[in-house]
file final.pdb (PDB, C-alpha atoms)
ATOM      1  CA  MET A 198      16.262  -4.430 -20.873
ATOM      2  CA  LEU A 199      16.385  -5.723 -24.442
ATOM      3  CA  PRO A 200      13.203  -4.964 -26.447
ATOM      4  CA  TRP A 201      12.480  -8.628 -27.140
ATOM      5  CA  LYS A 202      12.695  -9.434 -23.450
ATOM      6  CA  ARG A 203      10.273  -6.621 -22.667
ATOM      7  CA  ALA A 204       7.844  -8.035 -25.223
ATOM      8  CA  LEU A 205       8.106 -11.552 -23.827
ATOM      9  CA  ARG A 206       6.959 -10.525 -20.347
ATOM     10  CA  PRO A 207       3.333  -9.716 -21.224
ATOM     11  CA  LEU A 208       3.257 -12.639 -23.654
ATOM     12  CA  ALA A 209       4.328 -15.008 -20.889
ATOM     13  CA  ALA A 210       1.715 -13.497 -18.596
ATOM     14  CA  LEU A 211      -0.982 -14.020 -21.217
ATOM     15  CA  LEU A 212       0.054 -17.647 -21.735
ATOM     16  CA  LEU A 213      -0.009 -18.244 -17.990
ATOM     17  CA  THR A 214      -3.452 -16.673 -17.773
ATOM     18  CA  ALA A 215      -4.763 -18.890 -20.564
ATOM     19  CA  ALA A 216      -3.229 -22.013 -19.028
ATOM     20  CA  VAL A 217      -4.747 -21.387 -15.626
ATOM     21  CA  ALA A 218      -8.089 -20.611 -17.215
ATOM     22  CA  LEU A 219      -8.067 -23.862 -19.153
ATOM     23  CA  VAL A 220      -7.026 -26.101 -16.242
ATOM     24  CA  PRO A 221     -10.154 -25.461 -14.193
ATOM     25  CA  ALA A 222     -12.205 -25.588 -17.364
ATOM     26  CA  ALA A 223     -10.975 -29.126 -18.010
ATOM     27  CA  GLY A 224     -11.589 -30.067 -14.396
ATOM     28  CA  VAL A 225     -15.092 -28.766 -14.549
ATOM     29  CA  ALA A 226     -15.812 -30.682 -17.723
ATOM     30  CA  GLN A 227     -14.585 -33.877 -16.093
ATOM     31  CA  ALA A 228     -16.659 -33.330 -13.001
ATOM     32  CA  ALA A 229     -19.671 -32.168 -15.034
ATOM     33  CA  GLN A 230     -20.237 -29.298 -12.653
ATOM     34  CA  ALA A 231     -19.557 -25.575 -12.393
ATOM     35  CA  PRO A 232     -16.600 -24.198 -10.398
ATOM     36  CA  SER A 233     -17.150 -23.907  -6.657
ATOM     37  CA  TRP A 234     -15.485 -21.394  -4.398
ATOM     38  CA  GLY A 235     -14.137 -23.018  -1.238
ATOM     39  CA  SER A 236     -13.501 -21.686   2.238
ATOM     40  CA  PRO A 237     -10.013 -20.903   3.583
ATOM     41  CA  ARG A 238      -7.724 -23.879   4.115
ATOM     42  CA  SER A 239      -7.899 -25.424   7.563
ATOM     43  CA  SER A 240      -4.107 -25.668   7.612
ATOM     44  CA  GLU A 241      -3.494 -21.933   8.057
ATOM     45  CA  ALA A 242      -1.640 -22.537  11.302
ATOM     46  CA  GLU A 243       0.680 -25.042   9.663
ATOM     47  CA  SER A 244       2.744 -22.545   7.726
ATOM     48  CA  GLY A 245       5.895 -23.576   9.573
ATOM     49  CA  GLY A 246       7.053 -19.984   9.268
ATOM     50  CA  GLY A 247       6.177 -19.050  12.833
ATOM     51  CA  TRP A 248       3.223 -16.826  12.044
ATOM     52  CA  ASN A 249      -0.480 -17.717  12.444
ATOM     53  CA  ASP A 250       0.063 -18.193  16.161
ATOM     54  CA  TYR A 251      -3.427 -17.793  17.605
ATOM     55  CA  SER A 252      -2.029 -17.527  21.123
ATOM     56  CA  CYS A 253      -0.181 -14.330  20.129
ATOM     57  CA  LYS A 254      -1.348 -11.249  22.006
ATOM     58  CA  PRO A 255      -0.546  -7.848  20.491
ATOM     59  CA  SER A 256       1.920  -5.752  22.468
ATOM     60  CA  ALA A 257       1.372  -2.219  23.706
ATOM     61  CA  ALA A 258       3.831  -1.013  21.070
ATOM     62  CA  HIS A 259       1.983  -2.840  18.270
ATOM     63  CA  PRO A 260      -1.587  -3.290  19.506
ATOM     64  CA  ARG A 261      -3.114  -4.501  16.242
ATOM     65  CA  PRO A 262      -2.571  -7.904  14.610
ATOM     66  CA  VAL A 263      -1.460  -7.823  10.977
ATOM     67  CA  VAL A 264      -3.357  -9.867   8.392
ATOM     68  CA  LEU A 265      -1.406 -10.596   5.206
ATOM     69  CA  VAL A 266      -3.462 -10.996   2.018
ATOM     70  CA  HIS A 267      -1.732 -12.823  -0.837
ATOM     71  CA  GLY A 268      -2.047 -12.078  -4.538
ATOM     72  CA  THR A 269      -3.435 -13.879  -7.579
ATOM     73  CA  PHE A 270      -1.926 -17.352  -8.170
ATOM     74  CA  ALA A 271      -0.236 -17.126  -4.738
ATOM     75  CA  ASN A 272      -1.034 -18.629  -1.338
ATOM     76  CA  SER A 273      -0.853 -17.825   2.370
ATOM     77  CA  VAL A 274       2.652 -19.264   2.799
ATOM     78  CA  ASP A 275       4.728 -18.675  -0.329
ATOM     79  CA  ASN A 276       3.745 -15.007  -0.680
ATOM     80  CA  TRP A 277       4.941 -14.213   2.844
ATOM     81  CA  LEU A 278       8.102 -16.231   3.462
ATOM     82  CA  ALA A 279      10.066 -12.989   3.820
ATOM     83  CA  LEU A 280       7.604 -10.324   5.005
ATOM     84  CA  ALA A 281       5.920 -12.397   7.731
ATOM     85  CA  PRO A 282       9.202 -13.072   9.620
ATOM     86  CA  TYR A 283      10.240  -9.454   9.005
ATOM     87  CA  LEU A 284       7.159  -8.238  10.867
ATOM     88  CA  GLU A 285       7.339 -10.961  13.505
ATOM     89  CA  ASN A 286      10.874  -9.889  14.340
ATOM     90  CA  ARG A 287       9.452  -6.418  14.968
ATOM     91  CA  ASP A 288       7.011  -7.760  17.551
ATOM     92  CA  TYR A 289       3.851  -7.980  15.472
ATOM     93  CA  CYS A 290       1.261 -10.739  15.675
ATOM     94  CA  VAL A 291       1.081 -11.867  12.041
ATOM     95  CA  PHE A 292      -1.571 -13.943  10.284
ATOM     96  CA  SER A 293      -2.282 -15.082   6.727
ATOM     97  CA  PHE A 294      -4.940 -17.144   4.972
ATOM     98  CA  ASP A 295      -5.894 -18.600   1.591
ATOM     99  CA  TYR A 296      -8.808 -17.223  -0.395
ATOM    100  CA  GLY A 297     -10.352 -17.458  -3.849
ATOM    101  CA  GLN A 298      -9.930 -21.228  -4.265
ATOM    102  CA  LEU A 299     -11.006 -22.955  -7.455
ATOM    103  CA  SER A 300     -12.355 -26.481  -7.313
ATOM    104  CA  GLY A 301      -9.659 -28.952  -8.384
ATOM    105  CA  VAL A 302      -6.845 -26.377  -8.447
ATOM    106  CA  PRO A 303      -4.450 -26.840  -5.501
ATOM    107  CA  LEU A 304      -1.746 -24.440  -4.278
ATOM    108  CA  PHE A 305      -2.791 -21.538  -6.512
ATOM    109  CA  TYR A 306      -5.367 -19.213  -4.977
ATOM    110  CA  GLY A 307      -6.901 -15.795  -5.518
ATOM    111  CA  LEU A 308      -8.766 -16.955  -8.627
ATOM    112  CA  GLY A 309     -12.405 -16.915  -7.476
ATOM    113  CA  PRO A 310     -14.762 -13.916  -7.652
ATOM    114  CA  ILE A 311     -13.168 -11.057  -5.735
ATOM    115  CA  ASP A 312     -16.367 -10.105  -3.918
ATOM    116  CA  LYS A 313     -16.601 -13.682  -2.591
ATOM    117  CA  SER A 314     -12.936 -13.558  -1.580
ATOM    118  CA  ALA A 315     -13.695 -10.391   0.385
ATOM    119  CA  GLU A 316     -16.285 -12.370   2.331
ATOM    120  CA  GLN A 317     -13.563 -14.880   3.207
ATOM    121  CA  LEU A 318     -11.379 -12.006   4.402
ATOM    122  CA  LYS A 319     -14.230 -10.765   6.597
ATOM    123  CA  THR A 320     -14.531 -14.198   8.224
ATOM    124  CA  PHE A 321     -10.788 -14.457   8.765
ATOM    125  CA  VAL A 322     -10.457 -10.978  10.280
ATOM    126  CA  ASP A 323     -13.239 -11.803  12.738
ATOM    127  CA  LYS A 324     -11.372 -14.991  13.670
ATOM    128  CA  VAL A 325      -8.104 -13.119  14.254
ATOM    129  CA  LEU A 326      -9.749 -10.385  16.313
ATOM    130  CA  ALA A 327     -11.559 -12.945  18.457
ATOM    131  CA  ALA A 328      -8.324 -14.845  19.092
ATOM    132  CA  THR A 329      -6.156 -11.820  19.866
ATOM    133  CA  GLY A 330      -8.744  -9.713  21.676
ATOM    134  CA  ALA A 331      -7.819  -6.690  19.563
ATOM    135  CA  PRO A 332     -10.575  -4.312  18.406
ATOM    136  CA  GLU A 333      -8.927  -3.619  15.045
ATOM    137  CA  THR A 334      -6.450  -5.129  12.629
ATOM    138  CA  ASP A 335      -4.084  -3.834   9.965
ATOM    139  CA  LEU A 336      -4.124  -5.382   6.495
ATOM    140  CA  VAL A 337      -1.127  -5.783   4.181
ATOM    141  CA  GLY A 338      -1.792  -7.149   0.713
ATOM    142  CA  HIS A 339       0.234  -7.886  -2.410
ATOM    143  CA  SER A 340      -1.251  -7.346  -5.887
ATOM    144  CA  GLN A 341      -4.906  -8.521  -5.753
ATOM    145  CA  GLY A 342      -4.353  -8.748  -1.997
ATOM    146  CA  GLY A 343      -4.096  -4.964  -1.899
ATOM    147  CA  LEU A 344      -7.218  -4.525  -4.011
ATOM    148  CA  MET A 345      -9.626  -7.127  -2.615
ATOM    149  CA  PRO A 346      -9.676  -5.745   0.963
ATOM    150  CA  ARG A 347     -11.072  -2.479  -0.361
ATOM    151  CA  TYR A 348     -14.306  -4.325  -1.168
ATOM    152  CA  TYR A 349     -14.404  -5.617   2.409
ATOM    153  CA  LEU A 350     -13.835  -2.106   3.744
ATOM    154  CA  LYS A 351     -16.444  -0.483   1.504
ATOM    155  CA  PHE A 352     -19.253  -3.019   1.342
ATOM    156  CA  LEU A 353     -18.835  -5.598   4.124
ATOM    157  CA  GLY A 354     -18.348  -3.463   7.216
ATOM    158  CA  GLY A 355     -14.580  -3.818   7.310
ATOM    159  CA  ALA A 356     -13.912  -0.134   7.980
ATOM    160  CA  ALA A 357     -15.044  -0.598  11.574
ATOM    161  CA  LYS A 358     -12.466  -3.351  12.120
ATOM    162  CA  VAL A 359      -9.472  -2.118  10.120
ATOM    163  CA  ASN A 360      -7.087   0.677  11.031
ATOM    164  CA  ALA A 361      -4.872   0.621   7.954
ATOM    165  CA  LEU A 362      -4.573  -1.045   4.543
ATOM    166  CA  VAL A 363      -1.135  -1.291   2.972
ATOM    167  CA  GLY A 364      -1.210  -2.320  -0.686
ATOM    168  CA  ILE A 365       1.995  -3.604  -2.290
ATOM    169  CA  ALA A 366       1.644  -3.250  -6.077
ATOM    170  CA  PRO A 367      -2.184  -3.365  -5.870
ATOM    171  CA  ASP A 368      -4.261  -3.159  -9.039
ATOM    172  CA  ASN A 369      -6.633  -0.619  -7.563
ATOM    173  CA  HIS A 370      -7.907   0.600 -10.921
ATOM    174  CA  GLY A 371      -7.302  -2.590 -12.847
ATOM    175  CA  THR A 372      -4.550  -3.514 -15.253
ATOM    176  CA  THR A 373      -3.963  -3.539 -18.978
ATOM    177  CA  LEU A 374      -1.267  -6.212 -18.434
ATOM    178  CA  SER A 375       1.167  -4.166 -20.537
ATOM    179  CA  GLY A 376      -1.567  -3.664 -23.137
ATOM    180  CA  ILE A 377      -2.506  -7.329 -23.514
ATOM    181  CA  THR A 378      -6.040  -6.882 -22.128
ATOM    182  CA  ASN A 379      -6.759  -4.381 -24.884
ATOM    183  CA  LEU A 380      -6.627  -7.325 -27.296
ATOM    184  CA  LEU A 381      -9.378  -9.313 -25.553
ATOM    185  CA  PRO A 382     -12.198  -7.977 -27.799
ATOM    186  CA  TYR A 383     -10.332  -9.399 -30.798
ATOM    187  CA  PHE A 384     -10.427 -12.951 -29.398
ATOM    188  CA  PRO A 385     -14.097 -13.958 -29.052
ATOM    189  CA  GLY A 386     -14.746 -16.254 -26.129
ATOM    190  CA  ILE A 387     -11.604 -15.474 -24.117
ATOM    191  CA  GLN A 388     -13.370 -12.906 -21.931
ATOM    192  CA  ASP A 389     -16.202 -15.357 -21.244
ATOM    193  CA  LEU A 390     -13.660 -18.082 -20.459
ATOM    194  CA  LEU A 391     -11.934 -15.867 -17.905
ATOM    195  CA  THR A 392     -15.209 -14.750 -16.353
ATOM    196  CA  THR A 393     -16.550 -18.287 -16.044
ATOM    197  CA  HIS A 394     -13.476 -20.193 -14.915
ATOM    198  CA  THR A 395     -11.104 -17.623 -13.368
ATOM    199  CA  PRO A 396     -13.378 -14.786 -12.277
ATOM    200  CA  ALA A 397     -10.673 -12.893 -10.377
ATOM    201  CA  LEU A 398      -8.696 -12.373 -13.582
ATOM    202  CA  ALA A 399     -11.719 -10.888 -15.333
ATOM    203  CA  ASP A 400     -12.468  -8.734 -12.274
ATOM    204  CA  GLN A 401      -8.994  -7.166 -12.454
ATOM    205  CA  VAL A 402      -9.155  -6.035 -16.078
ATOM    206  CA  VAL A 403      -9.492  -2.275 -16.512
ATOM    207  CA  GLY A 404     -13.163  -1.301 -16.787
ATOM    208  CA  SER A 405     -14.573  -4.529 -15.355
ATOM    209  CA  PRO A 406     -17.984  -4.383 -13.641
ATOM    210  CA  PHE A 407     -16.285  -5.264 -10.345
ATOM    211  CA  LEU A 408     -13.861  -2.341 -10.555
ATOM    212  CA  THR A 409     -16.594   0.032 -11.688
ATOM    213  CA  LYS A 410     -18.633  -0.821  -8.600
ATOM    214  CA  LEU A 411     -15.628  -0.713  -6.265
ATOM    215  CA  ASN A 412     -14.335   2.681  -7.367
ATOM    216  CA  GLU A 413     -17.669   4.412  -7.880
ATOM    217  CA  GLY A 414     -18.065   7.247  -5.406
ATOM    218  CA  GLY A 415     -14.401   7.374  -4.428
ATOM    219  CA  ASP A 416     -11.436   5.130  -3.740
ATOM    220  CA  THR A 417     -11.486   5.237   0.054
ATOM    221  CA  VAL A 418     -13.770   5.036   3.057
ATOM    222  CA  PRO A 419     -13.525   7.264   6.130
ATOM    223  CA  GLY A 420     -11.552   6.098   9.127
ATOM    224  CA  VAL A 421      -9.053   3.864   7.321
ATOM    225  CA  LYS A 422      -5.459   4.842   6.522
ATOM    226  CA  TYR A 423      -4.305   3.759   3.059
ATOM    227  CA  THR A 424      -0.743   3.250   1.838
ATOM    228  CA  VAL A 425       0.139   2.167  -1.698
ATOM    229  CA  LEU A 426       3.649   0.979  -2.564
ATOM    230  CA  ALA A 427       4.399   0.842  -6.291
ATOM    231  CA  THR A 428       7.404   0.242  -8.527
ATOM    232  CA  LYS A 429       7.819   1.797 -11.940
ATOM    233  CA  TYR A 430       9.126  -1.549 -13.187
ATOM    234  CA  ASP A 431       5.797  -3.287 -12.584
ATOM    235  CA  GLU A 432       4.988  -5.315 -15.694
ATOM    236  CA  VAL A 433       1.764  -6.869 -14.357
ATOM    237  CA  VAL A 434      -0.240  -3.939 -12.986
ATOM    238  CA  THR A 435       0.051  -1.392 -15.757
ATOM    239  CA  PRO A 436       0.253   1.504 -16.000
ATOM    240  CA  TYR A 437       1.870   1.493 -12.565
ATOM    241  CA  ARG A 438       0.372   4.828 -11.553
ATOM    242  CA  SER A 439      -3.093   3.260 -11.798
ATOM    243  CA  GLN A 440      -2.210   1.578  -8.508
ATOM    244  CA  PHE A 441      -2.348   4.870  -6.629
ATOM    245  CA  LEU A 442      -5.447   5.888  -4.704
ATOM    246  CA  SER A 443      -7.130   9.259  -4.321
ATOM    247  CA  GLY A 444      -8.824  10.476  -1.174
ATOM    248  CA  SER A 445      -8.243  11.393   2.427
ATOM    249  CA  GLY A 446      -5.874   9.283   4.479
ATOM    250  CA  VAL A 447      -3.922   8.109   1.408
ATOM    251  CA  HIS A 448      -0.137   7.847   1.152
ATOM    252  CA  ASN A 449       1.091   6.859  -2.322
ATOM    253  CA  VAL A 450       4.728   5.785  -2.560
ATOM    254  CA  LEU A 451       6.886   5.082  -5.614
ATOM    255  CA  LEU A 452       9.839   3.010  -4.423
ATOM    256  CA  GLN A 453      12.226   4.587  -6.907
ATOM    257  CA  ASP A 454      11.596   7.970  -5.268
ATOM    258  CA  LEU A 455      13.094   6.448  -2.112
ATOM    259  CA  CYS A 456      15.847   4.423  -3.768
ATOM    260  CA  ALA A 457      16.580   4.913  -7.452
ATOM    261  CA  LEU A 458      18.578   1.669  -7.427
ATOM    262  CA  ASP A 459      15.558  -0.446  -6.515
ATOM    263  CA  LEU A 460      14.820  -2.550  -9.615
ATOM    264  CA  SER A 461      12.035  -4.678  -8.128
ATOM    265  CA  GLU A 462       9.163  -5.535 -10.429
ATOM    266  CA  HIS A 463       5.688  -6.811  -9.547
ATOM    267  CA  VAL A 464       6.679 -10.089  -7.900
ATOM    268  CA  ALA A 465       9.897  -8.999  -6.197
ATOM    269  CA  ILE A 466       8.339  -5.988  -4.480
ATOM    270  CA  GLY A 467       6.051  -8.279  -2.510
ATOM    271  CA  LEU A 468       8.248 -11.316  -2.019
ATOM    272  CA  PHE A 469      11.630 -10.030  -0.882
ATOM    273  CA  ASP A 470      12.126  -6.280  -1.327
ATOM    274  CA  ARG A 471      13.225  -5.063   2.124
ATOM    275  CA  ILE A 472      13.008  -1.442   0.988
ATOM    276  CA  ALA A 473       9.298  -2.021   0.431
ATOM    277  CA  PHE A 474       9.127  -3.929   3.724
ATOM    278  CA  HIS A 475      10.611  -0.916   5.532
ATOM    279  CA  GLU A 476       7.818   1.232   4.127
ATOM    280  CA  VAL A 477       5.277  -1.376   5.256
ATOM    281  CA  ALA A 478       6.668  -1.106   8.797
ATOM    282  CA  ASN A 479       6.477   2.685   8.595
ATOM    283  CA  ALA A 480       2.837   2.497   7.500
ATOM    284  CA  LEU A 481       1.953   0.129  10.348
ATOM    285  CA  ASP A 482       3.660   2.306  12.958
ATOM    286  CA  PRO A 483       3.842   5.867  11.601
ATOM    287  CA  ALA A 484       4.622   7.319  15.024
ATOM    288  CA  HIS A 485       8.005   5.575  14.915
ATOM    289  CA  ALA A 486       8.642   5.760  11.167
ATOM    290  CA  THR A 487      12.200   6.232   9.965
ATOM    291  CA  PRO A 488      13.356   7.406   6.521
ATOM    292  CA  THR A 489      13.383   4.722   3.854
ATOM    293  CA  THR A 490      16.538   4.740   1.702
ATOM    294  CA  CYS A 491      18.574   2.246  -0.289
ATOM    295  CA  ALA A 492      20.242   1.314   3.021
ATOM    296  CA  SER A 493      16.874   0.009   4.222
ATOM    297  CA  ALA A 494      17.602  -3.103   2.168
ATOM    298  CA  PHE A 495      20.021  -4.086   4.948
ATOM    299  CA  SER A 496      17.899  -3.081   7.937
TER     300      SER A 496
END

call {"tool": "encode", "arguments": {"input": "final.pdb", "output": "structure tokens"}}
result
Amino acid sequence: MLPWKRALRPLAALLLTAAVALVPAAGVAQAAQAPSWGSPRSSEAESGGGWNDYSCKPSAAHPRPVVLVHGTFANSVDNWLALAPYLENRDYCVFSFDYGQLSGVPLFYGLGPIDKSAEQLKTFVDKVLAATGAPETDLVGHSQGGLMPRYYLKFLGGAAKVNALVGIAPDNHGTTLSGITNLLPYFPGIQDLLTTHTPALADQVVGSPFLTKLNEGGDTVPGVKYTVLATKYDEVVTPYRSQFLSGSGVHNVLLQDLCALDLSEHVAIGLFDRIAFHEVANALDPAHATPTTCASAFS
């Protein structure tokens, strides 16, 4: 990649962050009220993609429903247009939901306080388990969606209801956003703006109070299997090795160790990388796992 293109990536990310921070700020000023964090959309079952079928009963081969947890700026449909059908075709009951809504900001989710989003996940998991009759679920999350469930597991009783968490490019120990976040102290007011109007962004910065609380005392909780899928070309969660977890029951995977030709970056790994999807399937059903190679892109 040309050096100027490499430099533009974090700059574009910073501009996007600032834009999203300012939009809710303007909306709040107009409404003369603070941001409010909504509940999941009532249209979860209207994805049109075939998942979120509450009549689905898990099979003997795949006895746990899979809950997909989208990333920052994403939503319950767009993030999963490829992975949800991939898992459905392998006989899984698949569900997704929206979380972290900001008042007056449609379509883009995962922006509210992450601890509050974890409470929404707790509610949704209970709903899925009640509908399917399963005692446990498996969680698969992209980016923040791989991080946020860890709060649910550690502090909200989720470990008793979750068998496995698969994180696709999760920012488990925060991100420097290719070094951009290191500049925040030099721009007075930006950190407060993020914290007030897009709390999830502030929560994901390396060293945030949220991450300090989450990772204190260890990355994992007993009884849950953890898989982390990372790409060395990740330009959003940096450094990419900060995604990996430590502890028992952890399987950290670098995609390029499985296929050196895989050039997926942060977005692609979650949206359409079938090599990553093959590893997701292996993590959900380790008893029938098959080797992941470059050929897995065609499986």

call {"tool": "atom_distance", "arguments": {"input": "final.pdb", "atom1": "atom CA of A:Gly371", "atom2": "atom CA of A:Leu481"}}
result
25.1 Å

call {"tool": "atom_distance", "arguments": {"input": "final.pdb", "atom1": "atom CA of A:Cys290", "atom2": "atom CA of A:Cys491"}}
result
26.9 Å

call {"tool": "resolve_selection", "arguments": {"input": "final.pdb", "expression": "the PyMOL selection byres ((chain A and resi 323) around 10)", "output": "list in words"}}
result
Leu318, Lys319, Thr320, Phe321, Val322, Lys324, Val325, Leu326, Ala327, Ala328, Pro332, Glu333, Thr334, Gly355 and Lys358 of chain A

call {"tool": "residues_around", "arguments": {"input": "final.pdb", "residues": "A:His267", "least_positions_apart": "2", "cutoff": "8 Å", "atoms": "all atoms listed in the file", "output": "VMD selection string"}}
result
chain A and resid 265 269 271 to 273 276 to 277 293 to 295 307 338 to 342

call {"tool": "write_last_selection", "arguments": {"input": "final.pdb", "atoms": "C-alpha atoms", "output": "compact mmCIF listing (two decimals), keeping the file's coordinate frame"}}
result
# COMPACT_ATOMS: atom_id res chain seq x y z
CA LEU A 265 -1.41 -10.60 5.21
CA THR A 269 -3.44 -13.88 -7.58
CA ALA A 271 -0.24 -17.13 -4.74
CA ASN A 272 -1.03 -18.63 -1.34
CA SER A 273 -0.85 -17.82 2.37
CA ASN A 276 3.74 -15.01 -0.68
CA TRP A 277 4.94 -14.21 2.84
CA SER A 293 -2.28 -15.08 6.73
CA PHE A 294 -4.94 -17.14 4.97
CA ASP A 295 -5.89 -18.60 1.59
CA GLY A 307 -6.90 -15.80 -5.52
CA GLY A 338 -1.79 -7.15 0.71
CA HIS A 339 0.23 -7.89 -2.41
CA SER A 340 -1.25 -7.35 -5.89
CA GLN A 341 -4.91 -8.52 -5.75
CA GLY A 342 -4.35 -8.75 -2.00

call {"tool": "axis_aligned_box", "arguments": {"input": "final.pdb", "around": "stretch 266-278 of chain A", "padding_each_side": "4 Å", "output": "lines of an AutoDock Vina configuration file"}}
result
center_x = 2.3
center_y = -15.1
center_z = -2.4
size_x = 19.6
size_y = 16.3
size_z = 19.6

call {"tool": "closest_residue", "arguments": {"input": "final.pdb", "among": "A:Ala279, A:Val337, A:Met345, A:Ala492", "to": "A:Asp368", "atoms": "only C-alpha atoms"}}
result
A:Met345

call {"tool": "resolve_selection", "arguments": {"input": "final.pdb", "expression": "the PyMOL selection byres ((chain A and resi 452-468) around 7)", "output": "list of chain:residue names"}}
result
A:Asn276, A:Trp277, A:Ala279, A:His339, A:Ile365, A:Ala366, A:Leu426, A:Ala427, A:Thr428, A:Tyr430, A:Asp431, A:Glu432, A:Val433, A:Val450, A:Leu451, A:Phe469, A:Asp470, A:Ala473, A:Thr489, A:Thr490, A:Cys491

call {"tool": "write_last_selection", "arguments": {"input": "final.pdb", "atoms": "C-alpha atoms", "output": "short mmCIF file (atom, residue, chain, number, x, y, z; two decimals), keeping the file's coordinate frame"}}
result
data_model
loop_
_atom_site.label_atom_id
_atom_site.label_comp_id
_atom_site.auth_asym_id
_atom_site.auth_seq_id
_atom_site.Cartn_x
_atom_site.Cartn_y
_atom_site.Cartn_z
CA ASN A 276 3.74 -15.01 -0.68
CA TRP A 277 4.94 -14.21 2.84
CA ALA A 279 10.07 -12.99 3.82
CA HIS A 339 0.23 -7.89 -2.41
CA ILE A 365 2.00 -3.60 -2.29
CA ALA A 366 1.64 -3.25 -6.08
CA LEU A 426 3.65 0.98 -2.56
CA ALA A 427 4.40 0.84 -6.29
CA THR A 428 7.40 0.24 -8.53
CA TYR A 430 9.13 -1.55 -13.19
CA ASP A 431 5.80 -3.29 -12.58
CA GLU A 432 4.99 -5.32 -15.69
CA VAL A 433 1.76 -6.87 -14.36
CA VAL A 450 4.73 5.78 -2.56
CA LEU A 451 6.89 5.08 -5.61
CA PHE A 469 11.63 -10.03 -0.88
CA ASP A 470 12.13 -6.28 -1.33
CA ALA A 473 9.30 -2.02 0.43
CA THR A 489 13.38 4.72 3.85
CA THR A 490 16.54 4.74 1.70
CA CYS A 491 18.57 2.25 -0.29
#

call {"tool": "atom_distance", "arguments": {"input": "final.pdb", "atom1": "atom CA of A:Thr373", "atom2": "atom CA of A:Val434"}}
result
7.1 Å

call {"tool": "closest_residue", "arguments": {"input": "final.pdb", "among": "A:His475, A:Ala486, A:Arg261, A:Gly297", "to": "A:Glu316", "atoms": "all atoms listed in the file"}}
result
A:Gly297

call {"tool": "residues_near_point", "arguments": {"input": "final.pdb", "point": "(8.3, -8.6, 10.6)", "cutoff": "10 Å", "atoms": "all atoms listed in the file", "output": "tab-separated table (two decimals) with C-alpha atoms, in the frame of the given file"}}
result
chain	number	residue	atom	x	y	z
A	248	TRP	CA	3.22	-16.83	12.04
A	263	VAL	CA	-1.46	-7.82	10.98
A	279	ALA	CA	10.07	-12.99	3.82
A	280	LEU	CA	7.60	-10.32	5.00
A	281	ALA	CA	5.92	-12.40	7.73
A	282	PRO	CA	9.20	-13.07	9.62
A	283	TYR	CA	10.24	-9.45	9.01
A	284	LEU	CA	7.16	-8.24	10.87
A	285	GLU	CA	7.34	-10.96	13.50
A	286	ASN	CA	10.87	-9.89	14.34
A	287	ARG	CA	9.45	-6.42	14.97
A	288	ASP	CA	7.01	-7.76	17.55
A	289	TYR	CA	3.85	-7.98	15.47
A	290	CYS	CA	1.26	-10.74	15.68
A	291	VAL	CA	1.08	-11.87	12.04
A	474	PHE	CA	9.13	-3.93	3.72
A	475	HIS	CA	10.61	-0.92	5.53
A	477	VAL	CA	5.28	-1.38	5.26
A	478	ALA	CA	6.67	-1.11	8.80

call {"tool": "residues_around", "arguments": {"input": "final.pdb", "residues": "A:Leu442", "least_positions_apart": "5", "cutoff": "12 Å", "atoms": "only C-alpha atoms", "output": "compact mmCIF listing (two decimals) with C-alpha atoms, keeping the file's coordinate frame"}}
result
# COMPACT_ATOMS: atom_id res chain seq x y z
CA GLY A 343 -4.10 -4.96 -1.90
CA LEU A 344 -7.22 -4.53 -4.01
CA ARG A 347 -11.07 -2.48 -0.36
CA LEU A 362 -4.57 -1.04 4.54
CA VAL A 363 -1.14 -1.29 2.97
CA GLY A 364 -1.21 -2.32 -0.69
CA ALA A 366 1.64 -3.25 -6.08
CA PRO A 367 -2.18 -3.36 -5.87
CA ASP A 368 -4.26 -3.16 -9.04
CA ASN A 369 -6.63 -0.62 -7.56
CA HIS A 370 -7.91 0.60 -10.92
CA GLY A 371 -7.30 -2.59 -12.85
CA ASN A 412 -14.34 2.68 -7.37
CA GLY A 415 -14.40 7.37 -4.43
CA ASP A 416 -11.44 5.13 -3.74
CA THR A 417 -11.49 5.24 0.05
CA VAL A 418 -13.77 5.04 3.06
CA LYS A 422 -5.46 4.84 6.52
CA TYR A 423 -4.30 3.76 3.06
CA THR A 424 -0.74 3.25 1.84
CA VAL A 425 0.14 2.17 -1.70
CA LEU A 426 3.65 0.98 -2.56
CA ALA A 427 4.40 0.84 -6.29
CA TYR A 437 1.87 1.49 -12.56
CA VAL A 447 -3.92 8.11 1.41
CA HIS A 448 -0.14 7.85 1.15
CA ASN A 449 1.09 6.86 -2.32
CA VAL A 450 4.73 5.78 -2.56

call {"tool": "residues_around", "arguments": {"input": "final.pdb", "residues": "stretch 309-312 of chain A", "least_positions_apart": "4", "cutoff": "6 Å", "atoms": "only C-alpha atoms", "output": "PDB file with C-alpha atoms, in the coordinates of the input"}}
result
ATOM      1  CA  GLY A 297     -10.352 -17.458  -3.849  1.00  0.00           C
ATOM      2  CA  GLN A 298      -9.930 -21.228  -4.265  1.00  0.00           C
ATOM      3  CA  PRO A 396     -13.378 -14.786 -12.277  1.00  0.00           C
ATOM      4  CA  ALA A 397     -10.673 -12.893 -10.377  1.00  0.00           C
TER       5      ALA A 397
END
